$ cat start_33.cif   # mmCIF, C-alpha atoms
data_query
loop_
_atom_site.label_atom_id
_atom_site.label_comp_id
_atom_site.auth_asym_id
_atom_site.auth_seq_id
_atom_site.Cartn_x
_atom_site.Cartn_y
_atom_site.Cartn_z
CA MET A 1 20.95 -15.15 -34.69
CA LEU A 2 18.81 -16.60 -31.90
CA GLY A 3 21.93 -17.43 -29.91
CA LYS A 4 23.13 -13.82 -30.13
CA LEU A 5 19.74 -12.59 -28.97
CA ILE A 6 19.79 -14.89 -25.94
CA ALA A 7 23.41 -13.95 -25.15
CA ARG A 8 22.57 -10.21 -25.21
CA ARG A 9 19.54 -10.75 -23.02
CA LEU A 10 21.52 -12.83 -20.51
CA ALA A 11 24.21 -10.15 -20.30
CA LEU A 12 21.52 -7.55 -19.72
CA ALA A 13 19.95 -9.84 -17.11
CA VAL A 14 23.16 -9.98 -15.08
CA LEU A 15 23.53 -6.18 -15.21
CA THR A 16 19.87 -5.66 -14.23
CA ILE A 17 20.13 -8.01 -11.26
CA VAL A 18 23.35 -6.40 -9.98
CA LEU A 19 21.91 -2.89 -10.32
CA ALA A 20 18.72 -3.95 -8.51
CA THR A 21 20.68 -5.32 -5.56
CA VAL A 22 22.91 -2.22 -5.45
CA LEU A 23 19.89 0.11 -5.37
CA VAL A 24 18.25 -1.90 -2.58
CA PHE A 25 21.46 -1.92 -0.55
CA VAL A 26 22.08 1.82 -0.97
CA ALA A 27 18.46 2.70 -0.17
CA LEU A 28 18.54 0.72 3.07
CA GLN A 29 21.88 2.21 4.10
CA ALA A 30 20.36 5.67 3.69
CA LEU A 31 17.64 4.95 6.26
CA PRO A 32 18.18 6.56 9.67
CA GLY A 33 18.76 4.49 12.78
CA ASN A 34 20.68 1.35 13.57
CA LEU A 35 19.51 -2.23 13.03
CA ALA A 36 21.18 -3.44 16.21
CA THR A 37 19.31 -0.82 18.23
CA GLN A 38 16.07 -1.77 16.51
CA ILE A 39 16.55 -5.46 17.37
CA LEU A 40 17.58 -4.93 20.98
CA GLY A 41 15.19 -2.09 21.71
CA LYS A 42 15.70 1.48 22.87
CA ASP A 43 16.69 0.38 26.36
CA ALA A 44 19.71 -1.63 25.17
CA THR A 45 23.09 -0.67 26.61
CA PRO A 46 25.78 0.74 24.31
CA ASP A 47 27.95 -2.33 24.93
CA ALA A 48 25.14 -4.67 23.83
CA VAL A 49 24.48 -2.58 20.72
CA ALA A 50 28.19 -2.55 19.87
CA GLN A 51 28.46 -6.31 20.37
CA LEU A 52 25.44 -7.04 18.14
CA THR A 53 26.69 -4.56 15.54
CA ALA A 54 29.99 -6.44 15.34
CA GLN A 55 28.20 -9.79 15.31
CA LEU A 56 26.08 -8.72 12.34
CA HIS A 57 29.17 -7.20 10.64
CA LEU A 58 27.42 -3.82 10.53
CA ASP A 59 30.65 -2.14 11.58
CA ARG A 60 32.28 -3.02 8.25
CA PRO A 61 32.18 -0.52 5.35
CA GLY A 62 29.08 -0.82 3.19
CA VAL A 63 31.04 -1.60 0.04
CA LEU A 64 32.78 -4.55 1.69
CA ARG A 65 29.51 -5.89 3.06
CA TYR A 66 27.88 -5.68 -0.37
CA LEU A 67 30.82 -7.33 -2.13
CA SER A 68 30.85 -10.10 0.47
CA TRP A 69 27.13 -10.70 -0.10
CA LEU A 70 27.57 -10.63 -3.89
CA GLY A 71 30.37 -13.18 -3.73
CA GLY A 72 28.17 -15.55 -1.75
CA ALA A 73 25.14 -14.94 -4.00
CA VAL A 74 27.12 -15.99 -7.06
CA HIS A 75 27.53 -19.40 -5.40
CA GLY A 76 23.89 -19.60 -4.30
CA ASP A 77 24.50 -18.39 -0.75
CA PHE A 78 22.35 -15.30 -0.14
CA GLY A 79 23.46 -14.89 3.42
CA THR A 80 21.69 -14.98 6.76
CA SER A 81 18.68 -12.93 7.80
CA LEU A 82 19.73 -10.15 10.15
CA ALA A 83 16.40 -10.35 11.98
CA THR A 84 16.00 -14.13 12.46
CA SER A 85 19.55 -15.49 11.92
CA GLN A 86 18.12 -18.07 9.47
CA ARG A 87 19.55 -18.79 6.05
CA VAL A 88 17.74 -16.51 3.62
CA VAL A 89 17.07 -19.22 1.02
CA THR A 90 15.65 -21.57 3.66
CA MET A 91 13.52 -18.90 5.31
CA ALA A 92 12.11 -17.54 2.04
CA GLY A 93 11.43 -20.95 0.49
CA ASP A 94 7.83 -21.34 1.67
CA TYR A 95 7.01 -17.69 0.97
CA LEU A 96 8.41 -18.04 -2.54
CA ARG A 97 6.41 -21.23 -3.15
CA ASN A 98 3.18 -19.53 -2.11
CA THR A 99 3.77 -16.52 -4.34
CA ALA A 100 4.72 -18.81 -7.24
CA VAL A 101 1.37 -20.60 -6.85
CA LEU A 102 -0.53 -17.31 -6.75
CA ALA A 103 1.40 -15.79 -9.66
CA GLY A 104 1.15 -18.96 -11.77
CA ILE A 105 -2.64 -19.13 -11.43
CA THR A 106 -2.89 -15.39 -12.09
CA ILE A 107 -0.79 -15.61 -15.25
CA VAL A 108 -2.66 -18.59 -16.69
CA VAL A 109 -6.14 -17.25 -15.90
CA GLY A 110 -5.42 -13.58 -16.59
CA ILE A 111 -3.59 -13.99 -19.89
CA THR A 112 -6.00 -16.61 -21.25
CA LEU A 113 -9.03 -14.51 -20.35
CA ALA A 114 -7.43 -11.32 -21.71
CA LEU A 115 -6.50 -12.84 -25.07
CA ILE A 116 -9.96 -14.32 -25.61
CA LEU A 117 -11.77 -11.13 -24.64
CA GLY A 118 -9.38 -8.97 -26.66
CA VAL A 119 -9.94 -11.04 -29.79
CA VAL A 120 -13.71 -10.99 -29.31
CA ALA A 121 -13.69 -7.22 -28.78
CA GLY A 122 -11.51 -6.66 -31.84
CA LEU A 123 -13.69 -8.85 -34.09
CA THR A 124 -16.90 -7.16 -32.90
CA ARG A 125 -15.66 -3.59 -33.10
CA ASP A 126 -18.22 -0.97 -31.96
CA ARG A 127 -20.85 -3.63 -31.35
CA LEU A 128 -22.33 -4.72 -28.03
CA PRO A 129 -19.65 -7.29 -27.06
CA ASP A 130 -16.90 -4.78 -27.81
CA VAL A 131 -18.64 -2.01 -25.86
CA LEU A 132 -19.15 -4.24 -22.81
CA ILE A 133 -15.64 -5.72 -22.82
CA SER A 134 -13.95 -2.37 -23.43
CA GLY A 135 -16.03 -0.68 -20.73
CA VAL A 136 -15.23 -3.31 -18.12
CA ALA A 137 -11.55 -3.21 -19.09
CA LEU A 138 -11.41 0.58 -18.70
CA VAL A 139 -13.01 0.35 -15.25
CA ALA A 140 -10.56 -2.39 -14.20
CA MET A 141 -7.63 -0.27 -15.41
CA SER A 142 -8.81 2.71 -13.34
CA VAL A 143 -9.36 0.85 -10.05
CA PRO A 144 -6.23 0.22 -7.92
CA GLU A 145 -5.61 -3.41 -7.07
CA PHE A 146 -6.07 -2.85 -3.32
CA THR A 147 -9.52 -1.31 -3.94
CA LEU A 148 -10.52 -4.20 -6.18
CA ALA A 149 -9.23 -6.69 -3.61
CA THR A 150 -11.30 -5.01 -0.90
CA LEU A 151 -14.42 -5.14 -3.08
CA LEU A 152 -13.88 -8.84 -3.74
CA VAL A 153 -13.58 -9.48 -0.02
CA LEU A 154 -16.78 -7.53 0.63
CA VAL A 155 -18.78 -9.43 -2.00
CA PHE A 156 -17.40 -12.97 -2.01
CA ALA A 157 -16.16 -13.28 1.58
CA VAL A 158 -18.49 -11.09 3.64
CA LYS A 159 -21.75 -11.13 1.68
CA LEU A 160 -21.67 -14.53 -0.02
CA ALA A 161 -19.17 -16.28 2.29
CA TRP A 162 -17.76 -18.33 -0.58
CA PHE A 163 -14.10 -17.75 0.27
CA PRO A 164 -12.14 -16.71 3.37
CA ALA A 165 -11.60 -12.96 3.73
CA VAL A 166 -8.00 -13.31 4.88
CA VAL A 167 -5.47 -16.10 5.09
CA THR A 168 -4.89 -17.28 8.66
CA ASP A 169 -2.39 -20.04 7.82
CA GLY A 170 1.37 -19.63 7.99
CA PRO A 171 3.80 -19.80 5.08
CA ASP A 172 4.54 -23.48 5.75
CA ALA A 173 0.90 -24.52 5.34
CA PRO A 174 0.23 -27.50 3.01
CA LEU A 175 -0.24 -26.74 -0.66
CA SER A 176 -3.89 -27.82 -0.52
CA THR A 177 -4.55 -25.20 2.15
CA ILE A 178 -2.76 -22.52 0.16
CA LEU A 179 -4.79 -23.37 -2.95
CA HIS A 180 -8.00 -22.96 -0.94
CA ASN A 181 -6.97 -19.38 -0.15
CA VAL A 182 -5.79 -18.43 -3.64
CA PRO A 183 -9.06 -17.61 -5.56
CA LEU A 184 -9.69 -14.08 -4.27
CA PRO A 185 -6.07 -12.82 -4.46
CA ALA A 186 -5.67 -14.43 -7.90
CA ALA A 187 -8.95 -12.87 -9.07
CA ALA A 188 -7.86 -9.39 -7.97
CA LEU A 189 -4.52 -9.67 -9.75
CA SER A 190 -5.98 -11.34 -12.86
CA ILE A 191 -8.62 -8.66 -13.41
CA VAL A 192 -6.15 -5.79 -13.16
CA MET A 193 -3.54 -7.53 -15.31
CA ALA A 194 -6.03 -8.69 -17.95
CA ALA A 195 -7.49 -5.22 -18.47
CA TYR A 196 -4.31 -3.83 -20.07
CA ILE A 197 -3.80 -6.89 -22.25
CA VAL A 198 -7.44 -6.79 -23.44
CA ARG A 199 -7.05 -3.20 -24.63
CA MET A 200 -3.82 -3.91 -26.48
CA MET A 201 -5.14 -7.14 -28.01
CA ARG A 202 -8.32 -5.42 -29.19
CA THR A 203 -6.39 -2.64 -30.91
CA SER A 204 -3.98 -5.12 -32.46
CA VAL A 205 -6.78 -7.35 -33.81
CA ILE A 206 -8.54 -4.34 -35.34
CA ASP A 207 -5.33 -3.19 -37.07
CA VAL A 208 -4.50 -6.67 -38.37
CA MET A 209 -8.01 -7.34 -39.67
CA ALA A 210 -7.78 -4.10 -41.67
CA SER A 211 -4.40 -5.02 -43.17
CA GLU A 212 -3.80 -5.86 -46.84
CA TYR A 213 -2.63 -9.44 -46.30
CA VAL A 214 -5.79 -10.33 -44.38
CA ALA A 215 -7.90 -8.71 -47.10
CA MET A 216 -5.96 -10.65 -49.74
CA ALA A 217 -6.43 -13.93 -47.88
CA THR A 218 -10.16 -13.22 -47.66
CA LEU A 219 -10.38 -12.39 -51.38
CA ARG A 220 -8.66 -15.68 -52.21
CA GLY A 221 -11.63 -17.43 -50.65
CA LEU A 222 -9.90 -18.83 -47.59
CA PRO A 223 -12.24 -19.83 -44.74
CA ARG A 224 -12.62 -17.13 -42.09
CA ARG A 225 -11.36 -19.50 -39.41
CA ARG A 226 -8.14 -20.11 -41.33
CA VAL A 227 -7.71 -16.39 -41.98
CA LEU A 228 -8.03 -15.71 -38.26
CA LEU A 229 -5.87 -18.56 -36.96
CA HIS A 230 -3.10 -18.58 -39.59
CA HIS A 231 -2.88 -14.96 -40.71
CA ALA A 232 -4.51 -12.57 -38.26
CA LEU A 233 -3.91 -13.88 -34.74
CA PRO A 234 -0.16 -14.63 -35.00
CA ASN A 235 0.47 -11.06 -36.13
CA ALA A 236 -2.01 -9.60 -33.64
CA LEU A 237 -0.14 -11.30 -30.81
CA LEU A 238 3.14 -9.53 -31.56
CA PRO A 239 2.29 -6.13 -29.99
CA ALA A 240 0.51 -7.85 -27.10
CA LEU A 241 3.58 -9.89 -26.14
CA ASN A 242 5.45 -6.91 -24.71
CA VAL A 243 2.39 -5.86 -22.72
CA ILE A 244 2.08 -9.40 -21.37
CA ALA A 245 5.76 -9.39 -20.36
CA ILE A 246 5.39 -6.02 -18.64
CA ASN A 247 2.32 -7.20 -16.74
CA ILE A 248 4.08 -10.36 -15.59
CA ALA A 249 6.89 -8.17 -14.28
CA TRP A 250 4.24 -5.92 -12.68
CA LEU A 251 3.11 -8.91 -10.62
CA VAL A 252 6.27 -8.55 -8.55
CA GLY A 253 4.97 -5.22 -7.25
CA GLY A 254 1.24 -5.86 -7.49
CA VAL A 255 1.48 -9.03 -5.47
CA VAL A 256 2.86 -7.07 -2.49
CA VAL A 257 -0.30 -4.97 -2.19
CA VAL A 258 -2.71 -7.86 -2.74
CA GLU A 259 -0.87 -10.14 -0.33
CA ALA A 260 -1.05 -7.41 2.31
CA VAL A 261 -4.84 -7.07 1.84
CA PHE A 262 -5.46 -10.81 2.16
CA ASN A 263 -2.65 -11.50 4.65
CA TYR A 264 -1.39 -14.02 2.11
CA PRO A 265 1.91 -15.60 3.25
CA GLY A 266 3.91 -14.85 0.13
CA ILE A 267 7.06 -13.03 -0.89
CA GLY A 268 5.28 -9.67 -0.65
CA THR A 269 4.50 -10.22 3.02
CA LEU A 270 8.09 -11.28 3.62
CA MET A 271 9.32 -8.13 1.89
CA LEU A 272 7.20 -5.86 4.07
CA ASP A 273 8.54 -7.56 7.19
CA ALA A 274 12.10 -7.27 5.86
CA VAL A 275 11.66 -3.55 5.17
CA HIS A 276 10.35 -3.05 8.71
CA ASN A 277 13.32 -4.96 10.13
CA ARG A 278 15.83 -3.45 7.68
CA ASP A 279 16.81 -6.99 6.79
CA VAL A 280 19.21 -6.29 3.92
CA PRO A 281 20.03 -9.89 2.86
CA VAL A 282 16.32 -10.80 2.59
CA LEU A 283 15.53 -7.68 0.59
CA GLN A 284 18.46 -8.26 -1.75
CA TYR A 285 17.28 -11.84 -2.30
CA ILE A 286 13.79 -10.55 -3.16
CA ALA A 287 15.36 -7.97 -5.49
CA VAL A 288 17.18 -10.78 -7.31
CA ILE A 289 13.91 -12.72 -7.67
CA GLY A 290 12.11 -9.64 -8.99
CA ALA A 291 14.85 -8.84 -11.48
CA LEU A 292 14.90 -12.47 -12.67
CA VAL A 293 11.14 -12.41 -13.26
CA TYR A 294 11.45 -9.19 -15.24
CA VAL A 295 14.34 -10.42 -17.37
CA VAL A 296 12.92 -13.91 -18.02
CA SER A 297 9.48 -12.58 -18.97
CA ASN A 298 10.99 -10.13 -21.45
CA LEU A 299 13.30 -12.80 -22.88
CA LEU A 300 10.37 -15.18 -23.40
CA ALA A 301 8.40 -12.37 -25.07
CA ASP A 302 11.30 -11.71 -27.46
CA LEU A 303 11.64 -15.41 -28.28
CA ALA A 304 7.89 -15.74 -28.86
CA ALA A 305 7.93 -12.69 -31.14
CA THR A 306 10.81 -14.21 -33.10
CA ALA A 307 8.90 -17.47 -33.48
CA LEU A 308 5.73 -15.70 -34.65
CA ASN A 309 7.48 -13.30 -37.04
CA PRO A 310 10.17 -14.90 -39.23
CA ARG A 311 11.37 -11.45 -40.36
CA LEU A 312 12.81 -10.89 -36.87
CA ARG A 313 15.18 -13.82 -37.40
CA THR A 314 17.20 -11.96 -40.05
CA PRO A 315 20.11 -9.80 -38.85
CA ALA A 316 18.81 -6.68 -40.59
CA ARG A 317 15.42 -6.87 -38.91
CA ALA A 318 16.66 -7.97 -35.51
CA SER A 319 19.15 -5.16 -35.22
#
$ encode --input "start_33.cif" --output "structure tokens"
Amino acid sequence: MLGKLIARRLALAVLTIVLATVLVFVALQALPGNLATQILGKDATPDAVAQLTAQLHLDRPGVLRYLSWLGGAVHGDFGTSLATSQRVVTMAGDYLRNTAVLAGITIVVGITLALILGVVAGLTRDRLPDVLISGVALVAMSVPEFTLATLLVLVFAVKLAWFPAVVTDGPDAPLSTILHNVPLPAAALSIVMAAYIVRMMRTSVIDVMASEYVAMATLRGLPRRRVLLHHALPNALLPALNVIAINIAWLVGGVVVVEAVFNYPGIGTLMLDAVHNRDVPVLQYIAVIGALVYVVSNLLADLAATALNPRLRTPARAS
């Protein structure tokens, strides 16, 4: 049963990734102008534009160019950047590392904080801790990430001078330097991401604590700690898993805005540059990364739900 689930998800993953790259390619082809003209400038001669167009293979039909890129991508070759003539994988390596560091810290801090606060809010329903946690979560949900990032810069960088306001190092900076610049971007992303998970976890804990099996476990005289850890929390986590997976996938988009605010040298910054330069191979590579994050996060959520709820392992329930 588990093997069938993974096989279906992997098949869906391949389709999702291909569709993502197709949409990116079509969207960029619909933009007005010519990349060769953009690279050479408006004063370039027609012969120079024609020569660069042929050199970049822009004179080939779009379908052939996409199929050629797809064939190389299957073998790990994502092509060459049209703007810098570097291999895409090599050029994006440092950017991807920096975003992975930022996203990893955000996921660990944000999810851990959200689960703890959601459980506390659910167990103290309508009391002071619940009111405070729910109020802060609602405010965090209503504030866009770029506004929150700006507020963090104003308080912790300008007023208190605890952290740098923007990152001045390049993408190839040492990991220790990158880690020094991570706290504020990670805080902005963690707060926004945690707010949604807190609300879902609170609602789930309240529903589970009012369920019959929790009441039965309590009437049997089981310790409250055991009731919470062995009966309530595993079931309360099930609805929250999908929200966690969605928020991890949201990081792919949210990180672009936050990286732009802090000038963080990550994949979001690279994507903005690639959009400006109409660098199709780089954007398609980023689309593949984004689709992979979305698919893997949802697959892990499904596997975790199956592990927490044995009923999902039976064919009748799983279907």
$ resolve_selection --input "start_33.cif" --expression "the PyMOL selection byres ((chain A and resi 137-144) around 12)" --output "short mmCIF file (atom, residue, chain, number, x, y, z; two decimals) with C-alpha atoms, keeping the file's coordinate frame"
data_model
loop_
_atom_site.label_atom_id
_atom_site.label_comp_id
_atom_site.auth_asym_id
_atom_site.auth_seq_id
_atom_site.Cartn_x
_atom_site.Cartn_y
_atom_site.Cartn_z
CA LEU A 113 -9.03 -14.51 -20.35
CA ALA A 114 -7.43 -11.32 -21.71
CA LEU A 117 -11.77 -11.13 -24.64
CA GLY A 118 -9.38 -8.97 -26.66
CA ALA A 121 -13.69 -7.22 -28.78
CA ASP A 130 -16.90 -4.78 -27.81
CA VAL A 131 -18.64 -2.01 -25.86
CA LEU A 132 -19.15 -4.24 -22.81
CA ILE A 133 -15.64 -5.72 -22.82
CA SER A 134 -13.95 -2.37 -23.43
CA GLY A 135 -16.03 -0.68 -20.73
CA VAL A 136 -15.23 -3.31 -18.12
CA GLU A 145 -5.61 -3.41 -7.07
CA PHE A 146 -6.07 -2.85 -3.32
CA THR A 147 -9.52 -1.31 -3.94
CA LEU A 148 -10.52 -4.20 -6.18
CA ALA A 149 -9.23 -6.69 -3.61
CA THR A 150 -11.30 -5.01 -0.90
CA LEU A 151 -14.42 -5.14 -3.08
CA ALA A 187 -8.95 -12.87 -9.07
CA ALA A 188 -7.86 -9.39 -7.97
CA LEU A 189 -4.52 -9.67 -9.75
CA SER A 190 -5.98 -11.34 -12.86
CA ILE A 191 -8.62 -8.66 -13.41
CA VAL A 192 -6.15 -5.79 -13.16
CA MET A 193 -3.54 -7.53 -15.31
CA ALA A 194 -6.03 -8.69 -17.95
CA ALA A 195 -7.49 -5.22 -18.47
CA TYR A 196 -4.31 -3.83 -20.07
CA ILE A 197 -3.80 -6.89 -22.25
CA VAL A 198 -7.44 -6.79 -23.44
CA ARG A 199 -7.05 -3.20 -24.63
CA MET A 200 -3.82 -3.91 -26.48
CA MET A 201 -5.14 -7.14 -28.01
CA ARG A 202 -8.32 -5.42 -29.19
CA GLY A 254 1.24 -5.86 -7.49
CA VAL A 257 -0.30 -4.97 -2.19
CA VAL A 258 -2.71 -7.86 -2.74
#
$ residues_around --input "start_33.cif" --residues "Gln86 (chain A)" --least-positions-apart "6" --cutoff "12 Å" --atoms "only C-alpha atoms" --output "count of residues only"
8
$ atom_distance --input "start_33.cif" --atom1 "CA of Thr306 (chain A)" --atom2 "CA of Leu238 (chain A)"
9.1 Å
$ closest_residue --input "start_33.cif" --among "A:Leu228, A:Leu299, A:Thr269, A:Ala245" --to "Ala11 (chain A)" --atoms "all atoms listed in the file"
A:Leu299
$ closest_residue --input "start_33.cif" --among "A:Leu152, A:Ala54, A:Leu241, A:Leu19" --to "Asp302 (chain A)" --atoms "all atoms listed in the file"
A:Leu241
$ axis_aligned_box --input "start_33.cif" --around "region 146-155 of chain A" --padding-each-side "8 Å" --output "JSON"
{"center_x": -12.4, "center_y": -5.4, "center_z": -2.8, "size_x": 28.7, "size_y": 24.2, "size_z": 22.8}
$ atom_distance --input "start_33.cif" --atom1 "CA of Ile206 (chain A)" --atom2 "CA of Arg125 (chain A)"
7.5 Å
$ atom_distance --input "start_33.cif" --atom1 "CA of Ala291 (chain A)" --atom2 "CA of Leu12 (chain A)"
10.7 Å
$ closest_residue --input "start_33.cif" --among "A:Leu123, A:Leu270, A:Val288, A:Ala305" --to "Ala83 (chain A)" --atoms "only C-alpha atoms"
A:Leu270
$ closest_residue --input "start_33.cif" --among "A:Leu10, A:His230, A:Leu237, A:Val293" --to "Ile111 (chain A)" --atoms "only C-alpha atoms"
A:Leu237
$ resolve_selection --input "start_33.cif" --expression "the PyMOL selection byres ((chain A and resi 14) around 12)" --output "MDAnalysis selection string"
chainID A and resid 7:13 15:21 74 288 291:292 294:296
$ closest_residue --input "start_33.cif" --among "A:Val275, A:Ala100, A:His57, A:Tyr285" --to "Gly76 (chain A)" --atoms "all atoms listed in the file"
A:Tyr285
$ closest_residue --input "start_33.cif" --among "A:Ala240, A:Trp250, A:Tyr264, A:Arg220" --to "Pro164 (chain A)" --atoms "all atoms listed in the file"
A:Tyr264
$ residues_around --input "start_33.cif" --residues "Asn235 (chain A)" --least-positions-apart "4" --cutoff "10 Å" --atoms "only C-alpha atoms" --output "list in words"
Ser204, Val205, Asp207, Val208, Met209, Leu228, Leu229, His230, His231, Pro239, Ala240, Ala305, Leu308 and Asn309 of chain A
$ write_last_selection --input "start_33.cif" --atoms "C-alpha atoms" --output "mmCIF file, keeping the file's coordinate frame"
data_model
loop_
_atom_site.group_PDB
_atom_site.id
_atom_site.type_symbol
_atom_site.label_atom_id
_atom_site.label_comp_id
_atom_site.auth_asym_id
_atom_site.auth_seq_id
_atom_site.Cartn_x
_atom_site.Cartn_y
_atom_site.Cartn_z
ATOM 1 C CA SER A 204 -3.980 -5.120 -32.460
ATOM 2 C CA VAL A 205 -6.780 -7.350 -33.810
ATOM 3 C CA ASP A 207 -5.330 -3.190 -37.070
ATOM 4 C CA VAL A 208 -4.500 -6.670 -38.370
ATOM 5 C CA MET A 209 -8.010 -7.340 -39.670
ATOM 6 C CA LEU A 228 -8.030 -15.710 -38.260
ATOM 7 C CA LEU A 229 -5.870 -18.560 -36.960
ATOM 8 C CA HIS A 230 -3.100 -18.580 -39.590
ATOM 9 C CA HIS A 231 -2.880 -14.960 -40.710
ATOM 10 C CA PRO A 239 2.290 -6.130 -29.990
ATOM 11 C CA ALA A 240 0.510 -7.850 -27.100
ATOM 12 C CA ALA A 305 7.930 -12.690 -31.140
ATOM 13 C CA LEU A 308 5.730 -15.700 -34.650
ATOM 14 C CA ASN A 309 7.480 -13.300 -37.040
#
$ decode --input "start_33.cif" --residues "region 275-287 of chain A" --atoms "N, CA, C and O atoms" --output "CSV table (one decimal), in the first residue's frame"
chain,number,residue,atom,x,y,z
A,275,VAL,N,14.6,36.9,-14.4
A,275,VAL,CA,13.4,37.5,-15.1
A,275,VAL,C,13.7,38.8,-15.8
A,275,VAL,O,13.3,39.0,-16.9
A,276,HIS,N,14.6,39.6,-15.2
A,276,HIS,CA,15.0,40.8,-15.8
A,276,HIS,C,15.7,40.6,-17.1
A,276,HIS,O,15.6,41.3,-18.1
A,277,ASN,N,16.6,39.5,-17.1
A,277,ASN,CA,17.4,39.2,-18.3
A,277,ASN,C,16.7,38.2,-19.2
A,277,ASN,O,17.3,37.8,-20.2
A,278,ARG,N,15.5,37.8,-18.9
A,278,ARG,CA,14.8,36.8,-19.7
A,278,ARG,C,15.6,35.5,-19.9
A,278,ARG,O,15.7,35.0,-21.0
A,279,ASP,N,16.2,35.1,-18.8
A,279,ASP,CA,17.2,34.0,-18.8
A,279,ASP,C,16.3,32.7,-18.6
A,279,ASP,O,16.2,32.2,-17.5
A,280,VAL,N,15.9,32.1,-19.8
A,280,VAL,CA,15.0,31.0,-19.7
A,280,VAL,C,15.6,29.8,-19.0
A,280,VAL,O,14.9,29.2,-18.1
A,281,PRO,N,16.8,29.3,-19.3
A,281,PRO,CA,17.3,28.1,-18.6
A,281,PRO,C,17.4,28.3,-17.1
A,281,PRO,O,17.1,27.3,-16.4
A,282,VAL,N,17.8,29.5,-16.6
A,282,VAL,CA,17.9,29.7,-15.2
A,282,VAL,C,16.5,29.6,-14.6
A,282,VAL,O,16.3,29.0,-13.5
A,283,LEU,N,15.5,30.2,-15.2
A,283,LEU,CA,14.1,30.2,-14.7
A,283,LEU,C,13.5,28.8,-14.7
A,283,LEU,O,12.8,28.5,-13.8
A,284,GLN,N,13.8,28.1,-15.7
A,284,GLN,CA,13.3,26.7,-15.8
A,284,GLN,C,14.0,25.8,-14.7
A,284,GLN,O,13.3,25.0,-14.1
A,285,TYR,N,15.2,26.1,-14.4
A,285,TYR,CA,15.9,25.4,-13.3
A,285,TYR,C,15.3,25.7,-12.0
A,285,TYR,O,15.0,24.8,-11.1
A,286,ILE,N,15.0,27.0,-11.8
A,286,ILE,CA,14.3,27.4,-10.5
A,286,ILE,C,12.9,26.8,-10.4
A,286,ILE,O,12.4,26.4,-9.3
A,287,ALA,N,12.2,26.7,-11.6
A,287,ALA,CA,10.9,26.1,-11.6
A,287,ALA,C,10.9,24.7,-11.2
A,287,ALA,O,10.1,24.2,-10.4
